[in-house]
$ cat final19.cif   # mmCIF, C-alpha atoms
data_upload
#
loop_
_atom_site.label_atom_id
_atom_site.label_comp_id
_atom_site.auth_asym_id
_atom_site.auth_seq_id
_atom_site.Cartn_x
_atom_site.Cartn_y
_atom_site.Cartn_z
CA MET A 1 -31.87 97.29 -4.80
CA LEU A 2 -29.97 96.37 -1.64
CA ALA A 3 -26.68 96.25 -3.53
CA LEU A 4 -27.40 99.71 -4.99
CA LEU A 5 -28.10 101.18 -1.54
CA ILE A 6 -24.91 99.68 -0.12
CA TYR A 7 -22.87 101.07 -3.01
CA SER A 8 -24.49 104.52 -2.54
CA PHE A 9 -23.62 104.68 1.16
CA GLU A 10 -20.11 103.26 0.72
CA SER A 11 -19.25 105.68 -2.10
CA GLY A 12 -20.84 108.70 -0.44
CA VAL A 13 -23.00 109.44 -3.51
CA LEU A 14 -26.29 109.26 -1.63
CA LEU A 15 -25.33 111.58 1.22
CA GLN A 16 -22.75 113.64 -0.70
CA VAL A 17 -20.19 113.29 2.08
CA PRO A 18 -16.54 112.32 1.71
CA VAL A 19 -15.67 108.72 2.55
CA SER A 20 -12.62 108.25 4.79
CA SER A 21 -9.81 106.27 3.20
CA ILE A 22 -8.58 105.11 6.62
CA PRO A 23 -10.64 102.17 7.96
CA VAL A 24 -11.71 102.00 11.60
CA GLU A 25 -9.16 99.73 13.30
CA ARG A 26 -9.15 98.06 16.68
CA VAL A 27 -6.65 95.59 18.09
CA ASP A 28 -7.28 94.05 21.51
CA ILE A 29 -4.36 92.67 23.50
CA GLU A 30 -6.22 89.80 25.12
CA ARG A 31 -3.54 88.20 27.30
CA ILE A 32 0.08 89.00 28.12
CA SER A 33 2.39 86.20 29.28
CA LEU A 34 5.87 86.57 30.70
CA ARG A 35 8.70 84.10 30.26
CA PRO A 36 12.37 84.61 31.21
CA GLY A 37 13.56 87.44 28.96
CA GLU A 38 10.43 87.24 26.77
CA ILE A 39 6.98 88.84 26.54
CA ILE A 40 4.19 87.06 24.66
CA ALA A 41 0.91 88.83 23.86
CA ASN A 42 -2.23 87.45 22.22
CA LEU A 43 -3.67 89.93 19.71
CA VAL A 44 -7.27 89.96 18.40
CA ASN A 45 -8.41 92.10 15.47
CA SER A 46 -11.76 93.49 16.63
CA GLY A 47 -12.02 96.06 13.83
CA ALA A 48 -14.07 96.08 10.66
CA THR A 49 -11.25 95.13 8.28
CA ASP A 50 -7.82 93.50 8.13
CA VAL A 51 -5.12 95.24 10.13
CA GLU A 52 -1.35 95.30 9.67
CA ILE A 53 0.98 95.52 12.69
CA ALA A 54 3.81 97.87 11.65
CA GLN A 55 5.65 98.66 14.90
CA LEU A 56 6.03 97.40 18.48
CA GLN A 57 6.80 99.27 21.69
CA VAL A 58 7.63 98.07 25.18
CA ASN A 59 7.28 100.64 27.97
CA ASP A 60 7.05 103.37 25.29
CA ALA A 61 10.35 102.37 23.65
CA ILE A 62 10.47 100.98 20.12
CA TRP A 63 11.40 97.31 20.27
CA GLY A 64 11.86 94.44 17.85
CA GLY A 65 9.61 91.41 17.86
CA THR A 66 7.68 88.92 15.75
CA VAL A 67 3.99 88.54 15.01
CA SER A 68 2.86 85.07 13.98
CA PRO A 69 1.43 83.62 11.85
CA SER A 70 1.51 87.01 10.08
CA ASN A 71 1.64 90.70 10.96
CA VAL A 72 -1.53 91.14 8.84
CA ILE A 73 -4.43 89.99 11.03
CA PRO A 74 -7.83 89.34 9.39
CA ARG A 75 -11.06 90.61 10.97
CA LEU A 76 -11.78 88.67 14.20
CA GLY A 77 -8.50 86.85 13.60
CA LYS A 78 -5.83 86.21 16.20
CA ALA A 79 -2.04 86.52 16.23
CA THR A 80 0.75 85.99 18.75
CA LEU A 81 3.29 88.71 19.47
CA SER A 82 6.68 87.65 20.81
CA VAL A 83 9.22 90.18 22.12
CA GLN A 84 12.64 89.44 23.57
CA TYR A 85 12.75 91.92 26.47
CA PRO A 86 14.56 91.89 29.87
CA TRP A 87 11.52 92.67 31.98
CA ILE A 88 12.03 93.26 35.70
CA GLU A 89 10.03 91.32 38.26
CA LEU A 90 7.32 93.24 40.17
CA GLU A 91 7.56 96.26 37.85
CA PRO A 92 4.83 97.21 35.34
CA VAL A 93 5.12 96.17 31.69
CA LYS A 94 3.28 98.00 28.90
CA ILE A 95 3.02 96.60 25.39
CA SER A 96 1.98 98.82 22.46
CA VAL A 97 1.29 97.81 18.87
CA ILE A 98 1.10 100.42 16.11
CA THR A 99 -0.76 99.67 12.89
CA SER A 100 0.28 100.68 9.36
CA ASN A 101 -2.16 103.62 9.69
CA GLY A 102 -0.35 104.90 12.79
CA ILE A 103 -3.00 103.88 15.34
CA LYS A 104 -1.66 102.69 18.71
CA PHE A 105 -3.21 100.00 20.93
CA GLU A 106 -1.90 99.15 24.38
CA GLY A 107 -1.97 96.42 26.99
CA GLU A 108 -0.36 96.34 30.43
CA ILE A 109 0.62 94.06 33.29
CA ALA A 110 0.60 96.02 36.54
CA VAL A 111 3.01 93.67 38.36
CA ALA A 112 5.39 91.58 36.28
CA ILE A 113 5.77 87.97 37.45
CA LEU A 114 6.58 84.80 35.58
CA THR A 115 3.42 83.41 33.95
CA PRO A 116 2.69 79.92 35.29
CA GLU A 117 3.06 77.05 32.85
CA PHE A 118 1.47 73.68 33.36
CA SER A 119 3.18 71.52 35.97
CA LEU A 120 2.06 69.08 38.65
CA GLN A 121 3.01 71.57 41.36
CA LEU A 122 0.89 74.36 39.85
CA LEU A 123 -1.91 71.91 39.15
CA TYR A 124 -1.89 71.13 42.87
CA VAL A 125 -1.90 74.87 43.75
CA PHE A 126 -4.90 75.71 41.54
CA VAL A 127 -6.84 72.65 42.74
CA LEU A 128 -6.22 73.85 46.32
CA ILE A 129 -7.45 77.33 45.37
CA GLY A 130 -10.67 75.81 44.02
CA ILE A 131 -11.16 73.74 47.16
CA TYR A 132 -10.45 76.66 49.52
CA ILE A 133 -12.69 79.26 47.84
CA GLY A 134 -15.55 77.01 46.71
CA LEU A 135 -15.84 73.38 47.78
CA LEU A 136 -14.85 73.69 51.43
CA PRO A 137 -16.97 76.83 52.19
CA VAL A 138 -20.08 75.30 50.56
CA PHE A 139 -19.74 72.13 52.65
CA LEU A 140 -19.26 74.24 55.78
CA GLY A 141 -22.56 75.90 54.93
CA LEU A 142 -24.21 72.51 54.42
CA GLY A 143 -23.24 71.76 58.01
CA TRP A 144 -26.16 73.98 59.04
CA TYR A 145 -28.59 71.29 57.85
CA PRO A 146 -28.99 69.53 61.27
CA ILE A 147 -29.58 72.92 62.93
CA LEU A 148 -32.20 73.98 60.39
CA LYS A 149 -33.82 70.54 60.60
CA SER A 150 -34.21 70.85 64.37
CA LEU A 151 -36.11 74.17 64.16
CA SER A 152 -39.90 74.29 64.23
CA ALA A 153 -41.91 74.48 60.98
CA ARG A 154 -42.75 78.18 61.47
CA TRP A 155 -39.08 79.02 60.71
CA TYR A 156 -39.26 77.30 57.31
CA ASP A 157 -40.49 80.38 55.40
CA PHE A 158 -37.89 82.52 57.17
CA PHE A 159 -35.00 80.41 55.88
CA LEU A 160 -36.51 80.10 52.40
CA SER A 161 -36.79 83.90 52.21
CA PHE A 162 -33.25 84.14 53.64
CA THR A 163 -32.21 81.98 50.67
CA VAL A 164 -34.03 84.32 48.26
CA GLY A 165 -32.19 87.32 49.73
CA LEU A 166 -28.83 85.60 49.33
CA LEU A 167 -29.57 84.52 45.76
CA VAL A 168 -30.86 87.91 44.59
CA LEU A 169 -27.60 89.63 45.56
CA LEU A 170 -25.55 86.71 44.22
CA GLY A 171 -27.37 87.02 40.87
CA VAL A 172 -26.83 90.77 40.74
CA ASP A 173 -23.14 90.27 41.58
CA SER A 174 -22.86 87.70 38.76
CA ILE A 175 -24.31 90.14 36.23
CA LYS A 176 -22.00 92.92 37.44
CA GLU A 177 -18.92 90.68 37.11
CA ALA A 178 -20.06 89.40 33.70
CA LEU A 179 -20.48 92.94 32.38
CA MET A 180 -17.10 94.02 33.80
CA MET A 181 -15.38 91.09 32.10
CA SER A 182 -17.27 91.64 28.85
CA ALA A 183 -15.85 95.18 28.76
CA GLU A 184 -12.34 93.64 28.84
CA ALA A 185 -13.11 91.08 26.11
CA PRO A 186 -12.35 91.72 22.41
CA ALA A 187 -14.95 94.22 21.20
CA GLY A 188 -15.46 92.47 17.86
CA PHE A 189 -17.21 89.54 19.54
CA ASN A 190 -19.88 91.81 21.09
CA VAL A 191 -19.65 89.97 24.41
CA THR A 192 -22.25 92.18 26.12
CA LEU A 193 -24.92 90.70 23.85
CA LEU A 194 -23.50 87.25 24.60
CA VAL A 195 -24.00 87.99 28.32
CA VAL A 196 -27.66 88.87 27.69
CA PHE A 197 -28.09 85.72 25.59
CA GLY A 198 -26.51 83.51 28.28
CA LEU A 199 -28.68 85.08 30.98
CA LEU A 200 -31.96 84.62 29.10
CA ALA A 201 -31.11 81.19 27.66
CA SER A 202 -30.21 79.87 31.11
CA PHE A 203 -33.34 81.32 32.72
CA ILE A 204 -35.71 80.00 30.04
CA SER A 205 -34.07 76.56 29.86
CA LEU A 206 -34.27 76.05 33.60
CA MET A 207 -37.86 77.33 33.65
CA THR A 208 -38.72 74.38 31.43
CA ILE A 209 -36.75 71.87 33.52
CA GLY A 210 -37.58 73.34 36.91
CA GLY A 211 -41.26 73.80 36.13
CA SER A 212 -41.77 70.07 35.73
CA ALA A 213 -39.51 69.09 38.63
CA ILE A 214 -41.15 71.50 41.08
CA SER A 215 -44.77 71.27 40.05
CA SER A 216 -47.50 71.63 42.67
CA LYS A 217 -48.40 67.96 42.08
CA SER A 218 -45.05 66.85 43.48
CA GLY A 219 -44.72 65.97 47.15
CA VAL A 220 -43.21 68.46 49.61
CA ALA A 221 -40.03 66.41 50.03
CA ARG A 222 -39.52 66.00 46.28
CA ARG A 223 -40.13 69.71 45.63
CA GLY A 224 -37.70 70.72 48.38
CA LEU A 225 -35.03 68.36 47.02
CA ALA A 226 -35.55 69.63 43.46
CA LEU A 227 -35.21 73.21 44.69
CA ALA A 228 -31.95 72.33 46.47
CA TYR A 229 -30.54 70.82 43.27
CA LEU A 230 -31.57 73.87 41.22
CA ILE A 231 -30.01 76.22 43.80
CA SER A 232 -26.77 74.22 43.79
CA LEU A 233 -26.69 74.28 39.97
CA GLY A 234 -27.08 78.06 39.85
CA ILE A 235 -24.45 78.57 42.54
CA GLY A 236 -22.12 76.08 40.82
CA LEU A 237 -22.27 77.99 37.52
CA HIS A 238 -21.56 81.22 39.41
CA ASN A 239 -18.63 79.59 41.22
CA LEU A 240 -17.19 78.36 37.92
CA GLY A 241 -16.96 81.97 36.72
CA GLU A 242 -15.62 83.04 40.12
CA GLY A 243 -12.92 80.35 39.94
CA LEU A 244 -11.93 81.55 36.46
CA ALA A 245 -11.49 85.11 37.72
CA VAL A 246 -9.54 84.18 40.87
CA GLY A 247 -7.28 81.73 39.02
CA ALA A 248 -6.46 84.35 36.38
CA ALA A 249 -5.81 87.07 38.97
CA TYR A 250 -3.51 84.77 40.95
CA ALA A 251 -1.62 83.75 37.81
CA VAL A 252 -0.73 87.35 36.89
CA GLY A 253 0.07 88.42 40.44
CA GLU A 254 -2.95 90.66 41.00
CA ILE A 255 -3.90 88.82 44.21
CA ALA A 256 -1.94 86.95 46.84
CA LEU A 257 -3.26 83.66 48.18
CA GLY A 258 -3.08 84.91 51.74
CA ALA A 259 -4.98 83.93 54.86
CA PHE A 260 -7.29 86.95 54.70
CA LEU A 261 -8.39 86.13 51.15
CA ILE A 262 -9.09 82.50 52.03
CA ILE A 263 -11.04 83.50 55.17
CA GLY A 264 -12.98 86.05 53.11
CA PHE A 265 -14.02 83.52 50.48
CA MET A 266 -14.81 80.90 53.10
CA THR A 267 -17.10 83.26 54.99
CA HIS A 268 -18.71 84.57 51.81
CA ASN A 269 -19.34 81.18 50.20
CA THR A 270 -20.46 79.47 53.40
CA THR A 271 -23.73 81.40 53.05
CA GLU A 272 -24.25 79.59 49.73
CA GLY A 273 -24.33 76.26 51.57
CA ILE A 274 -27.02 77.60 53.90
CA ALA A 275 -29.06 78.64 50.86
CA ILE A 276 -28.85 75.12 49.44
CA VAL A 277 -30.03 73.26 52.54
CA SER A 278 -32.85 75.67 53.45
CA PRO A 279 -35.41 73.91 51.18
CA LEU A 280 -34.38 70.56 52.71
CA SER A 281 -35.05 71.53 56.32
CA SER A 282 -38.73 70.48 56.30
CA GLU A 283 -38.06 66.84 55.42
CA LYS A 284 -35.40 64.19 56.09
CA THR A 285 -32.80 64.03 53.31
CA SER A 286 -30.26 61.28 52.73
CA LEU A 287 -26.54 61.94 52.99
CA LYS A 288 -25.98 61.14 49.29
CA HIS A 289 -28.20 64.07 48.27
CA ILE A 290 -26.41 66.41 50.70
CA LEU A 291 -23.05 65.39 49.24
CA ALA A 292 -24.36 65.69 45.66
CA VAL A 293 -25.69 69.24 46.01
CA GLY A 294 -22.48 70.28 47.76
CA LEU A 295 -20.34 68.95 44.92
CA ILE A 296 -22.54 70.56 42.25
CA ALA A 297 -22.28 73.95 43.97
CA GLY A 298 -18.68 73.93 45.21
CA ALA A 299 -16.63 71.72 42.88
CA PRO A 300 -16.84 73.99 39.76
CA THR A 301 -14.37 76.40 41.37
CA ILE A 302 -11.65 73.76 40.81
CA PRO A 303 -11.86 73.56 36.98
CA GLY A 304 -12.56 77.31 37.02
CA ALA A 305 -9.31 78.05 38.87
CA LEU A 306 -7.38 75.70 36.56
CA LEU A 307 -8.75 77.27 33.38
CA GLY A 308 -8.30 80.78 34.77
CA GLY A 309 -4.71 80.11 35.79
CA PHE A 310 -3.54 78.44 32.59
CA SER A 311 -5.84 79.76 29.85
CA PHE A 312 -8.11 82.61 30.94
CA SER A 313 -10.65 84.13 28.55
CA ASN A 314 -12.84 87.13 29.44
CA LEU A 315 -15.35 85.94 26.84
CA TRP A 316 -15.91 82.52 28.42
CA ALA A 317 -15.81 83.90 31.97
CA SER A 318 -18.51 86.45 31.06
CA LEU A 319 -20.66 83.76 29.47
CA PHE A 320 -20.45 81.37 32.42
CA LEU A 321 -21.22 84.14 34.92
CA ALA A 322 -24.23 85.19 32.82
CA ILE A 323 -25.49 81.60 32.62
CA GLY A 324 -25.05 81.35 36.39
CA ALA A 325 -27.01 84.57 36.93
CA GLY A 326 -29.88 83.29 34.77
CA ALA A 327 -29.96 80.04 36.74
CA ILE A 328 -29.92 81.91 40.05
CA PHE A 329 -32.84 84.20 39.11
CA GLN A 330 -34.81 81.19 37.87
CA VAL A 331 -34.27 79.56 41.27
CA VAL A 332 -35.46 82.74 43.00
CA PHE A 333 -38.65 82.53 40.91
CA GLU A 334 -39.14 78.86 41.82
CA VAL A 335 -38.58 79.43 45.55
CA LEU A 336 -41.08 82.30 45.60
CA ARG A 337 -43.59 80.21 43.65
CA TYR A 338 -43.04 77.34 46.07
CA MET A 339 -43.67 79.62 49.06
CA ALA A 340 -46.76 81.20 47.47
CA ASP A 341 -48.54 77.95 46.54
CA SER A 342 -50.75 77.84 49.60
CA ARG A 343 -51.43 81.55 50.17
CA GLY A 344 -50.60 83.65 47.08
CA VAL A 345 -47.63 85.78 46.08
CA LEU A 346 -48.71 89.06 47.67
CA SER A 347 -49.49 87.54 51.05
CA ILE A 348 -45.99 86.13 51.56
CA PHE A 349 -44.43 89.60 51.39
CA GLY A 350 -46.73 90.75 54.16
CA ASP A 351 -45.29 88.13 56.49
CA LEU A 352 -42.78 89.59 58.98
CA ARG A 353 -40.67 86.41 58.92
CA VAL A 354 -40.38 86.60 55.15
CA PHE A 355 -39.41 90.27 55.30
CA LEU A 356 -36.75 89.60 57.94
CA GLY A 357 -35.44 86.60 56.00
CA LEU A 358 -35.10 88.59 52.76
CA THR A 359 -33.42 91.50 54.53
CA LEU A 360 -30.99 89.37 56.54
CA GLY A 361 -30.17 87.24 53.49
CA MET A 362 -29.18 90.28 51.45
CA LEU A 363 -27.25 91.77 54.37
CA ALA A 364 -25.38 88.49 54.90
CA MET A 365 -24.34 88.29 51.23
CA TYR A 366 -23.33 91.96 51.13
CA SER A 367 -21.36 91.97 54.39
CA THR A 368 -19.44 88.78 53.59
CA SER A 369 -18.64 90.09 50.09
CA LEU A 370 -16.68 92.91 51.76
CA LEU A 371 -14.23 90.30 53.05
CA VAL A 372 -13.35 89.19 49.51
CA THR A 373 -10.64 91.51 48.24
CA ALA A 374 -9.82 89.66 45.02
#
$ encode --input "final19.cif" --output "structure tokens"
Amino acid sequence: MLALLIYSFESGVLLQVPVSSIPVERVDIERISLRPGEIIANLVNSGATDVEIAQLQVNDAIWGGTVSPSNVIPRLGKATLSVQYPWIELEPVKISVITSNGIKFEGEIAVAILTPEFSLQLLYVFVLIGIYIGLLPVFLGLGWYPILKSLSARWYDFFLSFTVGLLVLLGVDSIKEALMMSAEAPAGFNVTLLVVFGLLASFISLMTIGGSAISSKSGVARRGLALAYLISLGIGLHNLGEGLAVGAAYAVGEIALGAFLIIGFMTHNTTEGIAIVSPLSSEKTSLKHILAVGLIAGAPTIPGALLGGFSFSNLWASLFLAIGAGAIFQVVFEVLRYMADSRGVLSIFGDLRVFLGLTLGMLAMYSTSLLVTA
């Protein structure tokens, strides 16, 4: 029966409508690399059927080139386009591929610069980028721990709610970036659904882990430490995606590693360190735990920048940002549950200190994000 229905729709017998002989085609140009006198583009067939590349254009002029392993790309298959072309540094480059059915697909580099290839010097540069935008700012934020520890206990809920405000906007920012990158990913992989899956899977998984680690039967010190580790994990996953994006943008010349950008990221990500140590301010915490949560939160920008610079993928960047967002929202849930244990959820939002903490936390994350121009 199913086979009969499929045949009826495909042939047009059931609806008595003509069936188009031209299949729906879509070719995504995933990444364009520039070498001296050569342009290399990665092609992905995101359409419903095989597609044949019949013609190439560079800056709207017909140009010769090769498509390997074959100019016929199977559905969800990949191919590499190589064109010998004397591109000019700092000028835009537009690549167009035309299928055998006459459909054109385009990709563009706004500013042409030589694509970095792996070397010890560039390895050093991308490691420095990761340290500057992630590791160092997080540890600067952790430096607030002695100050928070010296404050009276009545400020504890204020800084926990400040943490919630920071994390809520960080989670929303992660989802926004994940959706933006999913729109740039090959359509055939349906990356938007992958973003939703990563978000929910991360949230539910950490609910299981976090629920046992931060149960009401645990001591205050243990619960605060577990919260700090969960916060650092969520921030670390977010920073991995952020490192991917910054590394990729730097590699293709869309950002300059200038002083203003570094200062912007340092200021923005320093607030993440404050969020991590807020749950630790009520009890004494050993230095090894402080170092561990800082590394978990800040170090992922280093592999992120390396992967983004040498082999960026919108699909993987979207997934990691979505996983980070799910982890962040799970931490928000745990922090609110932790605060509400003794007096109920509704009562904490009636507390002026909690209201001020939430508001200032969101304002701090928003205002520092304006300094990041990447």
$ residues_around --input "final19.cif" --residues "Gly357 of chain A" --least-positions-apart "4" --cutoff "7 Å" --atoms "all atoms listed in the file" --output "JSON, numbers by chain"
{"A": [158, 159, 161, 162, 353, 361]}
$ write_last_selection --input "final19.cif" --atoms "C-alpha atoms" --output "CSV table (one decimal), in the frame of the given file"
chain,number,residue,atom,x,y,z
A,158,PHE,CA,-37.9,82.5,57.2
A,159,PHE,CA,-35.0,80.4,55.9
A,161,SER,CA,-36.8,83.9,52.2
A,162,PHE,CA,-33.2,84.1,53.6
A,353,ARG,CA,-40.7,86.4,58.9
A,361,GLY,CA,-30.2,87.2,53.5
$ atom_distance --input "final19.cif" --atom1 "atom CA of Leu90 of chain A" --atom2 "atom CA of Tyr250 of chain A"
13.8 Å
$ resolve_selection --input "final19.cif" --expression "the PyMOL selection byres ((chain A and resi 140) around 12)" --output "JSON, numbers by chain"
{"A": [131, 132, 133, 134, 135, 136, 137, 138, 139, 141, 142, 143, 144, 145, 265, 266, 267, 268, 269, 270, 271, 272, 273, 274, 275, 276, 277, 290, 291, 294, 298]}
$ closest_residue --input "final19.cif" --among "A:Val331, A:Leu227, A:Met365, A:Ile147" --to "Ser202 of chain A" --atoms "only C-alpha atoms"
A:Val331
$ closest_residue --input "final19.cif" --among "A:Leu170, A:Val125, A:Ile39, A:Ala228" --to "Thr368 of chain A" --atoms "all atoms listed in the file"
A:Leu170
$ resolve_selection --input "final19.cif" --expression "the PyMOL selection byres ((chain A and resi 38) around 6)" --output "number ranges by chain"
A: 35-37, 39, 83-85
$ closest_residue --input "final19.cif" --among "A:Gly171, A:Leu193, A:Ala299, A:Leu240" --to "Ala327 of chain A" --atoms "all atoms listed in the file"
A:Gly171
$ atom_distance --input "final19.cif" --atom1 "atom CA of Gly188 of chain A" --atom2 "atom CA of Glu25 of chain A"
10.6 Å
